[in-house]
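Data from input.txt: compact mmCIF, C-alpha atoms and all ligand atoms
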# COMPACT_ATOMS: atom_id res chain seq x y z
CA MET K 85 10.80 34.09 8.20
CA ALA K 86 13.38 31.67 6.84
CA LEU K 87 14.88 29.04 9.08
CA SER K 88 18.48 29.76 10.07
CA GLN K 89 21.14 27.30 8.94
CA ALA K 90 22.09 26.56 12.55
CA ALA K 91 18.50 25.78 13.49
CA PHE K 92 18.11 23.54 10.45
CA GLU K 93 21.32 21.68 11.36
CA PHE K 94 20.07 21.13 14.89
CA ALA K 95 16.70 19.83 13.66
CA ARG K 96 18.32 17.62 11.06
CA THR K 97 20.73 16.08 13.58
CA LEU K 98 18.02 15.56 16.18
CA VAL K 99 15.68 13.88 13.71
CA ARG K 100 18.47 11.67 12.38
CA GLN K 101 19.57 10.57 15.84
CA ARG K 102 16.10 9.86 17.12
CA SER K 103 14.38 8.37 14.07
CA GLY K 104 17.00 7.59 11.44
CA ILE K 105 15.19 9.87 9.01
CA VAL K 106 17.66 11.62 6.74
CA LEU K 107 16.83 15.22 5.85
CA GLU K 108 18.81 16.46 2.86
CA ASN K 109 19.48 20.17 2.39
CA GLU K 110 16.60 20.42 -0.07
CA LYS K 111 14.28 19.42 2.76
CA ALA K 112 14.81 22.72 4.62
CA TYR K 113 11.47 23.94 3.27
CA LEU K 114 9.75 20.81 4.63
CA VAL K 115 11.35 21.22 8.04
CA GLU K 116 10.24 24.82 8.09
CA SER K 117 6.66 24.19 7.03
CA ARG K 118 6.12 21.23 9.38
CA LEU K 119 7.79 22.95 12.33
CA THR K 120 5.86 26.16 11.74
CA VAL K 121 2.77 24.24 12.78
CA VAL K 122 4.51 22.87 15.89
CA ALA K 123 5.82 26.34 16.80
CA ARG K 124 2.33 27.80 16.50
CA ASN K 125 0.75 25.03 18.60
CA GLU K 126 3.39 25.36 21.27
CA GLY K 127 3.19 29.15 21.38
CA PHE K 128 6.52 30.10 19.82
CA ALA K 129 6.81 33.13 17.58
CA SER K 130 9.13 31.33 15.16
CA VAL K 131 10.61 27.97 14.29
CA ASP K 132 14.03 29.26 15.33
CA LEU K 133 12.72 30.03 18.81
CA LEU K 134 11.06 26.63 19.04
CA LEU K 135 14.29 24.88 18.09
CA GLU K 136 16.32 27.05 20.46
CA GLN K 137 14.08 25.95 23.31
CA ALA K 138 14.20 22.31 22.20
CA ARG K 139 17.99 22.50 22.17
CA THR K 140 18.50 24.12 25.56
CA GLN K 141 15.64 22.37 27.39
CA PRO K 142 16.00 18.81 26.09
CA LEU K 143 13.65 17.26 28.61
CA ASN K 144 10.49 19.25 28.06
CA GLY K 145 9.04 17.09 25.32
CA LEU K 146 9.62 19.51 22.48
CA GLN K 147 12.26 17.31 20.90
CA VAL K 148 9.79 14.48 20.57
CA LYS K 149 7.31 16.84 18.94
CA VAL K 150 9.95 18.03 16.50
CA VAL K 151 10.90 14.47 15.57
CA GLU K 152 7.30 13.30 15.22
CA ALA K 153 6.51 16.30 13.05
CA MET K 154 9.20 15.23 10.63
CA THR K 155 7.81 11.74 10.05
CA THR K 156 5.72 11.21 6.93
CA ASN K 157 2.59 9.29 7.76
CA GLU K 158 1.10 8.92 4.29
CA THR K 159 -0.74 5.61 4.05
CA SER K 160 -4.00 4.09 2.82
CA PHE K 161 -6.12 0.98 3.13
CA PHE K 162 -4.84 -1.94 1.04
CA ARG K 163 -2.05 0.32 -0.20
CA ASP K 164 -0.73 -0.77 -3.61
CA VAL K 165 -3.27 -3.65 -3.74
CA GLN K 166 -0.73 -6.25 -4.90
CA PRO K 167 0.90 -6.95 -1.52
CA PHE K 168 -2.54 -7.79 -0.17
CA GLU K 169 -3.27 -9.96 -3.19
CA ALA K 170 -0.03 -11.81 -2.50
CA LEU K 171 -1.09 -12.30 1.10
CA ARG K 172 -4.48 -13.59 0.05
CA GLN K 173 -3.44 -15.81 -2.83
CA LEU K 174 -0.07 -17.07 -1.73
CA VAL K 175 1.30 -16.15 1.68
CA LEU K 176 -1.64 -16.95 3.95
CA PRO K 177 -2.68 -20.20 2.21
CA ASP K 178 0.95 -21.30 2.46
CA LEU K 179 1.28 -20.41 6.14
CA ILE K 180 -2.08 -21.93 7.03
CA LYS K 181 -0.83 -25.22 5.62
CA ARG K 182 2.53 -25.00 7.38
CA ARG K 183 1.07 -24.02 10.73
CA ALA K 184 -1.81 -26.49 10.64
CA GLN K 185 -0.48 -28.14 13.79
CA GLU K 186 0.33 -25.13 15.95
CA LYS K 187 -2.65 -23.10 14.73
CA GLN K 188 -0.90 -19.84 15.47
CA LEU K 189 0.15 -16.91 13.30
CA THR K 190 2.24 -13.91 14.24
CA ILE K 191 2.22 -10.82 12.08
CA TRP K 192 4.14 -7.60 12.69
CA CYS K 193 3.60 -4.22 11.02
CA GLY K 194 6.72 -2.23 11.80
CA ALA K 195 5.62 1.18 10.47
CA ALA K 196 1.90 1.13 11.04
CA SER K 197 1.28 4.88 10.81
CA THR K 198 -2.42 5.69 11.32
CA GLY K 199 -3.40 2.02 11.21
CA GLN K 200 -4.71 1.45 7.71
CA GLU K 201 -2.08 -1.21 7.01
CA PRO K 202 -2.68 -3.47 10.06
CA TYR K 203 -6.44 -2.95 9.79
CA SER K 204 -6.37 -3.93 6.11
CA LEU K 205 -4.59 -7.10 7.15
CA ALA K 206 -7.13 -7.85 9.86
CA ILE K 207 -10.00 -7.23 7.43
CA LEU K 208 -8.36 -9.50 4.87
CA LEU K 209 -8.02 -12.29 7.43
CA ARG K 210 -11.64 -11.92 8.50
CA GLU K 211 -12.94 -11.74 4.97
CA HIS K 212 -11.01 -14.54 3.31
CA PHE K 213 -9.77 -16.92 5.98
CA PRO K 214 -12.66 -17.96 8.23
CA ILE K 215 -10.57 -20.99 9.16
CA LEU K 216 -8.40 -18.68 11.28
CA ALA K 217 -11.30 -18.07 13.66
CA GLY K 218 -10.11 -21.08 15.64
CA TRP K 219 -6.45 -20.00 15.59
CA LYS K 220 -4.41 -17.69 17.74
CA VAL K 221 -3.59 -14.80 15.44
CA ASN K 222 -1.37 -12.05 16.83
CA ILE K 223 -1.10 -8.83 14.87
CA LEU K 224 1.34 -6.40 16.39
CA ALA K 225 1.37 -2.89 14.93
CA THR K 226 4.15 -0.49 15.91
CA ASP K 227 5.34 2.97 14.98
CA LEU K 228 7.75 5.58 16.27
CA SER K 229 5.17 8.28 16.70
CA LEU K 230 2.96 8.15 19.79
CA GLU K 231 0.58 10.73 18.42
CA ILE K 232 0.06 8.66 15.28
CA LEU K 233 -0.39 5.49 17.33
CA GLU K 234 -3.18 7.15 19.30
CA ARG K 235 -5.02 7.84 16.06
CA ALA K 236 -4.37 4.31 14.86
CA LYS K 237 -5.82 2.81 18.03
CA ARG K 238 -9.04 4.79 17.71
CA GLY K 239 -9.67 3.33 14.27
CA ARG K 240 -11.68 6.39 13.22
CA TYR K 241 -11.25 7.65 9.72
CA SER K 242 -12.38 10.61 7.67
CA GLN K 243 -14.31 10.29 4.44
CA VAL K 244 -11.16 11.12 2.50
CA GLU K 245 -9.36 8.25 4.23
CA VAL K 246 -12.04 5.63 3.64
CA ASN K 247 -12.36 6.72 0.02
CA ARG K 248 -8.81 5.55 -0.46
CA GLY K 249 -8.21 1.91 -1.31
CA LEU K 250 -11.11 0.49 0.68
CA SER K 251 -13.88 -1.16 -1.30
CA ALA K 252 -17.41 0.02 -0.53
CA ARG K 253 -18.38 -3.53 0.35
CA LEU K 254 -15.77 -3.71 3.10
CA LEU K 255 -16.65 -0.20 4.27
CA VAL K 256 -20.26 -1.22 4.81
CA LYS K 257 -19.29 -4.46 6.44
CA PHE K 258 -16.62 -3.37 8.87
CA PHE K 259 -17.33 0.29 9.73
CA ASP K 260 -20.01 2.33 11.44
CA LYS K 261 -20.64 5.90 10.49
CA GLN K 262 -20.43 8.29 13.43
CA GLY K 263 -21.05 11.90 12.51
CA LEU K 264 -18.76 12.69 9.64
CA GLU K 265 -16.34 9.92 10.50
CA TRP K 266 -16.15 6.20 9.94
CA GLN K 267 -15.46 4.02 12.94
CA LEU K 268 -13.91 0.61 12.44
CA LYS K 269 -15.84 -2.04 14.31
CA GLU K 270 -14.54 -3.35 17.60
CA ASP K 271 -14.53 -6.82 16.15
CA ILE K 272 -11.64 -5.86 13.86
CA ARG K 273 -9.94 -3.38 16.19
CA ARG K 274 -9.46 -5.94 18.90
CA LEU K 275 -7.41 -8.14 16.58
CA ILE K 276 -4.54 -5.69 16.75
CA THR K 277 -2.11 -4.68 19.48
CA PHE K 278 -0.57 -1.24 19.03
CA ARG K 279 2.76 -0.39 20.63
CA GLN K 280 5.54 2.11 20.19
CA LEU K 281 8.73 0.80 18.68
CA ASN K 282 11.66 2.68 17.23
CA LEU K 283 13.13 0.69 14.35
CA ILE K 284 16.60 2.20 14.82
CA GLU K 285 16.89 1.42 18.51
CA ALA K 286 17.24 -1.95 20.23
CA TRP K 287 14.01 -3.88 19.69
CA PRO K 288 12.16 -5.28 22.67
CA TRP K 289 11.62 -9.02 22.72
CA MET K 290 9.10 -10.04 20.09
CA ALA K 291 7.74 -13.42 19.13
CA PRO K 292 9.32 -14.80 15.93
CA ALA K 293 7.07 -13.61 13.12
CA ASP K 294 5.45 -15.42 10.22
CA VAL K 295 4.86 -12.19 8.31
CA ILE K 296 6.67 -8.88 8.73
CA LEU K 297 5.66 -5.67 6.99
CA VAL K 298 8.09 -2.75 7.05
CA ARG K 299 6.67 -0.81 4.19
CA ASN K 300 7.48 2.69 3.06
CA VAL K 301 9.79 3.56 5.92
CA LEU K 302 13.24 2.30 4.85
CA ILE K 303 13.17 4.94 2.09
CA TYR K 304 13.73 7.61 4.73
CA PHE K 305 16.88 5.99 6.14
CA ASP K 306 20.52 5.85 5.06
CA VAL K 307 22.10 2.66 3.74
CA GLU K 308 23.66 1.63 7.05
CA THR K 309 20.37 2.01 8.89
CA LYS K 310 18.51 0.02 6.22
CA LYS K 311 21.10 -2.76 6.49
CA ALA K 312 20.86 -2.84 10.27
CA ILE K 313 17.07 -3.07 10.18
CA LEU K 314 17.03 -5.78 7.53
CA GLY K 315 19.56 -7.70 9.62
CA LYS K 316 17.24 -7.60 12.61
CA VAL K 317 14.23 -8.47 10.46
CA LYS K 318 16.13 -11.52 9.27
CA ARG K 319 16.58 -12.73 12.83
CA LEU K 320 12.97 -12.11 13.79
CA LEU K 321 11.40 -13.71 10.74
CA ARG K 322 10.71 -17.43 10.98
CA PRO K 323 12.73 -19.40 8.40
CA ASP K 324 9.65 -19.96 6.24
CA GLY K 325 8.12 -16.53 6.89
CA PHE K 326 7.51 -13.60 4.54
CA LEU K 327 8.71 -10.00 4.50
CA PHE K 328 6.92 -7.14 2.75
CA LEU K 329 8.64 -3.91 1.77
CA GLY K 330 7.21 -0.82 0.07
CA GLY K 331 7.02 -0.32 -3.68
CA ALA K 332 10.20 1.77 -3.80
CA GLU K 333 12.15 -0.46 -1.41
CA THR K 334 14.23 -3.59 -1.90
CA THR K 335 16.72 -5.82 -0.10
CA MET K 336 18.92 -5.73 -3.18
CA ASN K 337 22.44 -4.39 -2.55
CA LEU K 338 21.58 -4.17 1.14
CA ASP K 339 21.22 -7.73 2.34
CA ASP K 340 21.77 -10.89 0.33
CA GLY K 341 19.90 -13.00 2.85
CA PHE K 342 16.57 -12.55 1.07
CA ASP K 343 14.99 -13.80 -2.13
CA ARG K 344 12.23 -11.95 -3.89
CA VAL K 345 8.98 -13.88 -4.10
CA GLU K 346 7.61 -14.09 -7.63
CA PHE K 347 4.45 -12.08 -7.31
CA GLU K 348 4.15 -8.99 -9.41
CA ARG K 349 4.63 -5.69 -7.55
CA ALA K 350 4.03 -7.27 -4.15
CA GLY K 351 7.42 -6.34 -2.63
CA CYS K 352 7.44 -9.76 -0.97
CA TYR K 353 10.60 -11.57 0.20
CA ARG K 354 11.63 -14.81 1.89
CA LEU K 355 14.80 -15.80 3.64
CA ARG K 356 17.31 -17.29 1.27
CA LYS K 357 17.94 -20.96 1.93
CA SER K 358 21.58 -21.36 2.84
CA MET J 120 -10.29 1.50 -22.51
CA ARG J 121 -13.60 3.28 -22.55
CA ALA J 122 -15.57 4.93 -19.75
CA LEU J 123 -19.13 6.20 -19.67
CA VAL J 124 -19.45 9.22 -17.36
CA ILE J 125 -22.99 10.05 -16.26
CA ASP J 126 -23.56 13.25 -14.32
CA ASP J 127 -26.02 16.12 -14.73
CA SER J 128 -23.36 18.64 -13.74
CA ARG J 129 -21.32 19.77 -16.68
CA ALA J 130 -18.49 20.79 -14.32
CA MET J 131 -18.38 17.29 -12.80
CA ARG J 132 -18.44 15.63 -16.22
CA SER J 133 -15.57 17.78 -17.26
CA ILE J 134 -13.51 17.01 -14.12
CA LEU J 135 -14.13 13.26 -14.42
CA GLY J 136 -13.63 13.40 -18.19
CA LYS J 137 -10.29 15.10 -17.74
CA ILE J 138 -9.06 12.62 -15.12
CA MET J 139 -10.20 9.60 -17.13
CA GLY J 140 -8.67 11.13 -20.26
CA GLU J 141 -5.35 11.47 -18.44
CA LEU J 142 -5.65 7.81 -17.51
CA ARG J 143 -5.98 7.16 -21.25
CA TYR J 144 -9.61 6.26 -21.17
CA GLU J 145 -11.80 7.26 -24.06
CA VAL J 146 -14.73 9.07 -22.40
CA VAL J 147 -18.38 9.06 -23.41
CA GLU J 148 -20.68 11.41 -21.49
CA ALA J 149 -24.34 11.33 -20.53
CA VAL J 150 -26.38 13.87 -18.57
CA ASN J 151 -28.73 11.58 -16.65
CA GLY J 152 -29.63 7.92 -16.16
CA ARG J 153 -31.98 7.69 -19.11
CA HIS J 154 -29.41 9.31 -21.37
CA GLY J 155 -26.85 6.89 -19.95
CA LEU J 156 -28.99 3.91 -20.98
CA GLU J 157 -29.26 5.32 -24.49
CA ARG J 158 -25.52 5.75 -24.65
CA LEU J 159 -24.99 2.16 -23.57
CA ARG J 160 -27.24 1.01 -26.38
CA GLU J 161 -25.21 3.07 -28.86
CA ILE J 162 -21.71 2.21 -27.75
CA GLY J 163 -22.08 -1.28 -26.30
CA LYS J 164 -20.29 -2.30 -23.14
CA PRO J 165 -17.64 0.15 -21.86
CA ASP J 166 -14.89 -0.93 -19.46
CA LEU J 167 -16.29 1.26 -16.73
CA VAL J 168 -19.29 3.44 -15.87
CA LEU J 169 -19.03 6.34 -13.44
CA VAL J 170 -22.49 7.45 -12.39
CA ASP J 171 -23.80 10.22 -10.14
CA TRP J 172 -26.71 9.52 -7.78
CA ASN J 173 -28.95 12.58 -7.87
CA MET J 174 -29.95 13.48 -11.42
CA PRO J 175 -33.17 14.61 -13.12
CA GLU J 176 -35.26 12.20 -15.23
CA MET J 177 -33.50 9.07 -14.05
CA ASN J 178 -31.22 8.97 -11.04
CA GLY J 179 -28.11 6.84 -10.68
CA LEU J 180 -29.75 4.21 -8.56
CA ASP J 181 -32.51 3.59 -11.10
CA PHE J 182 -29.93 3.61 -13.85
CA ILE J 183 -27.98 0.85 -12.12
CA ARG J 184 -31.13 -1.22 -11.53
CA ALA J 185 -32.13 -0.85 -15.17
CA VAL J 186 -28.68 -1.85 -16.36
CA ARG J 187 -28.49 -4.88 -14.11
CA ALA J 188 -31.89 -6.05 -15.34
CA ASP J 189 -30.28 -6.57 -18.73
CA ARG J 190 -28.39 -9.86 -18.86
CA ALA J 191 -25.81 -8.43 -21.23
CA PHE J 192 -24.73 -5.93 -18.57
CA GLN J 193 -24.55 -8.13 -15.49
CA ASP J 194 -20.79 -7.87 -15.24
CA LEU J 195 -20.46 -4.23 -16.29
CA VAL J 196 -18.21 -2.36 -13.84
CA ILE J 197 -20.20 0.53 -12.37
CA MET J 198 -18.89 2.96 -9.80
CA MET J 199 -21.26 5.41 -8.19
CA VAL J 200 -19.65 8.81 -7.64
CA THR J 201 -21.77 10.92 -5.33
CA THR J 202 -22.13 13.43 -2.51
CA GLU J 203 -24.30 10.91 -0.65
CA THR J 204 -22.18 9.73 2.24
CA GLU J 205 -24.45 7.90 4.65
CA MET J 206 -23.85 4.24 5.38
CA ALA J 207 -27.39 3.30 4.41
CA GLN J 208 -26.91 4.89 1.01
CA VAL J 209 -23.67 3.11 0.30
CA ALA J 210 -25.40 -0.14 1.21
CA LYS J 211 -28.39 0.71 -0.97
CA ALA J 212 -26.20 1.42 -3.99
CA LEU J 213 -24.37 -1.88 -3.57
CA GLU J 214 -27.66 -3.69 -3.22
CA ALA J 215 -28.92 -2.07 -6.43
CA GLY J 216 -25.87 -3.49 -8.17
CA ALA J 217 -23.13 -0.84 -8.00
CA THR J 218 -19.70 -2.46 -8.15
CA GLU J 219 -17.98 0.34 -6.26
CA TYR J 220 -18.79 3.61 -4.53
CA LEU J 221 -16.84 6.84 -4.36
CA MET J 222 -17.80 9.76 -2.16
CA LYS J 223 -17.26 13.30 -3.42
CA PRO J 224 -14.95 15.11 -3.08
CA PHE J 225 -12.25 12.94 -4.59
CA THR J 226 -8.88 13.41 -6.25
CA LYS J 227 -7.28 11.83 -9.26
CA ASP J 228 -5.36 9.54 -6.90
CA THR J 229 -8.56 8.35 -5.26
CA ILE J 230 -9.91 7.44 -8.68
CA ILE J 231 -6.71 5.58 -9.55
CA GLU J 232 -6.89 3.64 -6.29
CA LYS J 233 -10.50 2.66 -6.92
CA LEU J 234 -9.68 1.58 -10.48
CA ALA J 235 -6.92 -0.61 -9.08
CA LEU J 236 -9.44 -2.22 -6.73
CA LEU J 237 -11.80 -2.79 -9.62
CA GLY J 238 -9.10 -4.31 -11.77
CA VAL J 239 -9.61 -1.71 -14.51
CA ALA J 240 -6.51 0.36 -13.76
CA PRO J 241 -4.79 1.90 -16.77
CA ALA J 242 -1.62 0.12 -17.87
C1 LIG G 401 4.90 6.55 5.09
S1 LIG G 401 4.41 5.78 6.61
C2 LIG G 401 4.17 4.11 6.08
C3 LIG G 401 2.88 3.54 6.57
C4 LIG G 401 2.54 2.14 6.06
N1 LIG G 401 3.55 1.18 6.38
C5 LIG G 401 2.33 2.17 4.57
O1 LIG G 401 3.12 1.62 3.83
O2 LIG G 401 1.34 2.75 4.12
C6 LIG G 401 5.97 5.76 7.50
C7 LIG G 401 5.83 5.57 9.01
O3 LIG G 401 7.09 5.22 9.55
C8 LIG G 401 7.20 5.76 10.84
N2 LIG G 401 8.61 5.85 11.22
C9 LIG G 401 9.54 6.72 10.81
N3 LIG G 401 10.71 6.48 11.41
C10 LIG G 401 10.52 5.42 12.22
C11 LIG G 401 11.35 4.71 13.13
N4 LIG G 401 12.65 5.04 13.30
N5 LIG G 401 10.81 3.67 13.80
C12 LIG G 401 9.51 3.32 13.64
N6 LIG G 401 8.68 3.96 12.80
C13 LIG G 401 9.18 5.01 12.11
C14 LIG G 401 6.51 7.11 10.74
O4 LIG G 401 6.07 7.58 12.00
C15 LIG G 401 5.37 6.80 9.76
O5 LIG G 401 4.17 6.54 10.44
Please express the file's structure as C-alpha cells.
Ligand SMILES: C[S@@+](CC[C@H](N)C(=O)[O-])C[C@H]1O[C@@H](n2cnc3c(N)ncnc32)[C@H](O)[C@@H]1O
Amino acid sequence: MALSQAAFEFARTLVRQRSGIVLENEKAYLVESRLTVVARNEGFASVDLLLEQARTQPLNGLQVKVVEAMTTNETSFFRDVQPFEALRQLVLPDLIKRRAQEKQLTIWCGAASTGQEPYSLAILLREHFPILAGWKVNILATDLSLEILERAKRGRYSQVEVNRGLSARLLVKFFDKQGLEWQLKEDIRRLITFRQLNLIEAWPWMAPADVILVRNVLIYFDVETKKAILGKVKRLLRPDGFLFLGGAETTMNLDDGFDRVEFERAGCYRLRKS
Amino acid sequence: MRALVIDDSRAMRSILGKIMGELRYEVVEAVNGRHGLERLREIGKPDLVLVDWNMPEMNGLDFIRAVRADRAFQDLVIMMVTTETEMAQVAKALEAGATEYLMKPFTKDTIIEKLALLGVAPA
C-alpha cells in the first residue's frame, strides 16, 4: 500500500526537525520501505497508521523510532583507507610532537554509527603509537541514534562487517570469535566513550578537540545546517587541530575558515590561519 | 594488473574472475594449489593471488607455504578467500604467509575494500 502524501509530509517534516536529514520527494520509496519495518515491529497494519499514531501521540516514543529509522548507518572499518593513512602518517605524529608537554589527546567522532570509525581509530593508536600508552587519550564517539549507539558499545560484529576494511592481521589481534560473531576486545573498547549527541541541536560542553571526525553525515543536511555545524566544529577544534569529512563532503562554499590538508583523498582540514 | 585465481569450484572462479575483470585485472585461473604453482611458473609474478583453502591435490595453505619457500615470491600479494571462518584458521593462514584473508560470502565491494588495504586497488 502506497504511503499517502500527507503521511510522507509529516514524516519528512519530523525527520528534518529532529535530525536535519533532508528527504527529497524521490525518497518517498525509502521512507515507505524503512517505515514498513517499524510499522510491523510496532504492530501497525500500515505505515500510514504508524505515522497517524506518531502524529497524534507525540510522547509515546514512536517519533524517535521514525527518525532513527530514517538515518543511514552505512559504515565500515578504516572506511576509505586514506583518512586513516593521513592520521597515521601526518596528523598523529604532528600532534604527538605538539602535545609532548601536556601528553593528552582529545578525539571526537561526531557520527559514529555502529562504531567502526572510533574503533578503527583506537586500533590505529594501539597499533602504531605505543608512545601514547603513557598519555591521556580521550576518544568520544557520538551519534543521534540510541539504538545504533547500543550496537556500537557492544563492539560485536558480523562476519560481513569484519570482512569490510579490516585487515586479517588486526582481526586476529583485536577480536575474539564468539559463535558467529566477532567481539572486539575489552582493551580497545574501553578506550572509547559513547554518548548521544544531536549535531543540529545545542551541543553539550565538550573538551576542545585535537581531531574531529564528522564523516558522511553532512551530506544528508541542507546548506544552512552544514554551515551551522561547521561553525560549531570551528569553535571546538583546537587552533592546530584537524577535521575529517567524508569523501563526498567539503568545507568549500560553506565555510572559508578551513584549509584542506594536502593528503590525497583524506578529506582532512585545518583551521585557516587568520 | 594481473590476478591468479585458484579455486576448485568453477562457479567460484567465474564469480571472482568476473569481479576482477570488472576491476580491469587480467585473470589467470587454476583449479588447485599444484596447478596454481604451475601457473606461477608459466606467467611469472602476478600482482595478486586469490586462493581458496579447501581444494583437492594441494590445498590453499600448502600452496601458500610452497610459494613462500621460493625467494622470488616472498613479496607476492596473496589473499585467501575461503569458507573457513574460525579465528584459529585465520591465524594459521597468516602464519603460513597469506597477506590477507577474506571470508566467503563476499561482494564486489568487499573485494575492492580488501584490494585498497593491500595497496593493489585498480586505478
Ligand atoms: C553514514 S553514517 C556515517 C558513519 C561514519 N562516520 C562513517 O563515515 O562511516 C551517518 C550517521 O550519522 C548519524 N546522524 C544522522 N543525523 C544525525 C544528527 N543530526 N546528529 C548526529 N548524528 C546523526 C546517523 O545516525 C548515522 O549513524
- Kindly work out which residues sit at most 8 Å from ligand LIG 401 (chain G), using only C-alpha atoms and all ligand atoms, and give the list as number ranges by chain. K: 102-105, 152, 155-161, 163, 193-201, 226-229, 232, 280-285, 297-301, 304, 330
Can you spit out the residues from that selection as a compact mmCIF listing (two decimals), in the frame of the given file, using C-alpha atoms?
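After the write, part.txt holds the following:
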# COMPACT_ATOMS: atom_id res chain seq x y z
CA ARG K 102 16.10 9.86 17.12
CA SER K 103 14.38 8.37 14.07
CA GLY K 104 17.00 7.59 11.44
CA ILE K 105 15.19 9.87 9.01
CA GLU K 152 7.30 13.30 15.22
CA THR K 155 7.81 11.74 10.05
CA THR K 156 5.72 11.21 6.93
CA ASN K 157 2.59 9.29 7.76
CA GLU K 158 1.10 8.92 4.29
CA THR K 159 -0.74 5.61 4.05
CA SER K 160 -4.00 4.09 2.82
CA PHE K 161 -6.12 0.98 3.13
CA ARG K 163 -2.05 0.32 -0.20
CA CYS K 193 3.60 -4.22 11.02
CA GLY K 194 6.72 -2.23 11.80
CA ALA K 195 5.62 1.18 10.47
CA ALA K 196 1.90 1.13 11.04
CA SER K 197 1.28 4.88 10.81
CA THR K 198 -2.42 5.69 11.32
CA GLY K 199 -3.40 2.02 11.21
CA GLN K 200 -4.71 1.45 7.71
CA GLU K 201 -2.08 -1.21 7.01
CA THR K 226 4.15 -0.49 15.91
CA ASP K 227 5.34 2.97 14.98
CA LEU K 228 7.75 5.58 16.27
CA SER K 229 5.17 8.28 16.70
CA ILE K 232 0.06 8.66 15.28
CA GLN K 280 5.54 2.11 20.19
CA LEU K 281 8.73 0.80 18.68
CA ASN K 282 11.66 2.68 17.23
CA LEU K 283 13.13 0.69 14.35
CA ILE K 284 16.60 2.20 14.82
CA GLU K 285 16.89 1.42 18.51
CA LEU K 297 5.66 -5.67 6.99
CA VAL K 298 8.09 -2.75 7.05
CA ARG K 299 6.67 -0.81 4.19
CA ASN K 300 7.48 2.69 3.06
CA VAL K 301 9.79 3.56 5.92
CA TYR K 304 13.73 7.61 4.73
CA GLY K 330 7.21 -0.82 0.07
- Task: Find the residue from K:Pro323, K:Thr97, K:Val221, K:Leu209 that sits nearest to K:Glu186; use all atoms listed in the file when measuring.
- Result: K:Val221
- Note on the structure: Closest of K:Arg273, K:His212, K:Lys149, K:Arg253 to K:Pro177, counting all atoms listed in the file, is K:His212
- Message: Tell me as a PyMOL selection string which residues belonging to chain J come within 10 Å of chain K, counting all atoms listed in the file.
- Response: chain J and resi 198+204-210+212-214+217-226+228-238
Please save C-alpha atoms of the selected residues as a PDB file, in the coordinates of the input.
ATOM      1  CA  MET J 198     -18.890   2.960  -9.800  1.00  0.00           C
ATOM      2  CA  THR J 204     -22.180   9.730   2.240  1.00  0.00           C
ATOM      3  CA  GLU J 205     -24.450   7.900   4.650  1.00  0.00           C
ATOM      4  CA  MET J 206     -23.850   4.240   5.380  1.00  0.00           C
ATOM      5  CA  ALA J 207     -27.390   3.300   4.410  1.00  0.00           C
ATOM      6  CA  GLN J 208     -26.910   4.890   1.010  1.00  0.00           C
ATOM      7  CA  VAL J 209     -23.670   3.110   0.300  1.00  0.00           C
ATOM      8  CA  ALA J 210     -25.400  -0.140   1.210  1.00  0.00           C
ATOM      9  CA  ALA J 212     -26.200   1.420  -3.990  1.00  0.00           C
ATOM     10  CA  LEU J 213     -24.370  -1.880  -3.570  1.00  0.00           C
ATOM     11  CA  GLU J 214     -27.660  -3.690  -3.220  1.00  0.00           C
ATOM     12  CA  ALA J 217     -23.130  -0.840  -8.000  1.00  0.00           C
ATOM     13  CA  THR J 218     -19.700  -2.460  -8.150  1.00  0.00           C
ATOM     14  CA  GLU J 219     -17.980   0.340  -6.260  1.00  0.00           C
ATOM     15  CA  TYR J 220     -18.790   3.610  -4.530  1.00  0.00           C
ATOM     16  CA  LEU J 221     -16.840   6.840  -4.360  1.00  0.00           C
ATOM     17  CA  MET J 222     -17.800   9.760  -2.160  1.00  0.00           C
ATOM     18  CA  LYS J 223     -17.260  13.300  -3.420  1.00  0.00           C
ATOM     19  CA  PRO J 224     -14.950  15.110  -3.080  1.00  0.00           C
ATOM     20  CA  PHE J 225     -12.250  12.940  -4.590  1.00  0.00           C
ATOM     21  CA  THR J 226      -8.880  13.410  -6.250  1.00  0.00           C
ATOM     22  CA  ASP J 228      -5.360   9.540  -6.900  1.00  0.00           C
ATOM     23  CA  THR J 229      -8.560   8.350  -5.260  1.00  0.00           C
ATOM     24  CA  ILE J 230      -9.910   7.440  -8.680  1.00  0.00           C
ATOM     25  CA  ILE J 231      -6.710   5.580  -9.550  1.00  0.00           C
ATOM     26  CA  GLU J 232      -6.890   3.640  -6.290  1.00  0.00           C
ATOM     27  CA  LYS J 233     -10.500   2.660  -6.920  1.00  0.00           C
ATOM     28  CA  LEU J 234      -9.680   1.580 -10.480  1.00  0.00           C
ATOM     29  CA  ALA J 235      -6.920  -0.610  -9.080  1.00  0.00           C
ATOM     30  CA  LEU J 236      -9.440  -2.220  -6.730  1.00  0.00           C
ATOM     31  CA  LEU J 237     -11.800  -2.790  -9.620  1.00  0.00           C
ATOM     32  CA  GLY J 238      -9.100  -4.310 -11.770  1.00  0.00           C
TER      33      GLY J 238
END
- Task: Fewer than 5 positions away in the same chain doesn't count, so skip those; otherwise give me all residues within 12 Å of J:Gly179, counting all atoms listed in the file, as an NGL selection string.
- Result: :J and (124-127 or 149-156 or 168-174 or 184-186 or 197-201 or 203 or 208 or 211-213 or 215-217 or 220)
- Hey, what's within 12 Å of K:Glu136 if we count all atoms listed in the file and toss same-chain stuff fewer than 2 positions away? As a list in words, please? Leu87, Ser88, Ala90, Ala91, Phe92, Glu93, Phe94, Ala95, Ala123, Phe128, Ala129, Ser130, Val131, Asp132, Leu133, Leu134, Ala138, Arg139, Thr140, Gln141, Pro142, Leu146, Gln147 and Val150 of chain K
- Message: Please report the interatomic distance between atom CA of K:Leu329 and atom CA of K:Gly218 in Å with one decimal.
- Response: 29.0 Å
- Item | Near-K:Asn222 list (7 Å; all atoms listed in the file; drop same-chain fewer than 2 positions) as JSON, numbers by chain | {"K": [189, 190, 191, 220, 224]}
- Between atom CA of K:Leu254 and atom CA of K:Gly331 - distance in Å to one decimal: 24.0 Å
- Task: Might you pull out every residue within 12 Å of K:Leu174, with only C-alpha atoms counted and same-chain residues fewer than 3 positions away left off, and present them as a ChimeraX atom specification?
- Result: /K:166-171,177-181,325-326,345-348,350,352
- Determine, counting only C-alpha atoms, which protein, DNA and RNA residues have an atom within 12 Å of an atom of J:Glu141; residues of the same chain fewer than 5 positions away are not included. Present the result as a list in words.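 Non-adjacent residues within range: Met120, Ile134, Leu135, Gly136, Val146, Lys227, Asp228, Ile230, Ile231, Pro241 and Ala242 of chain J.
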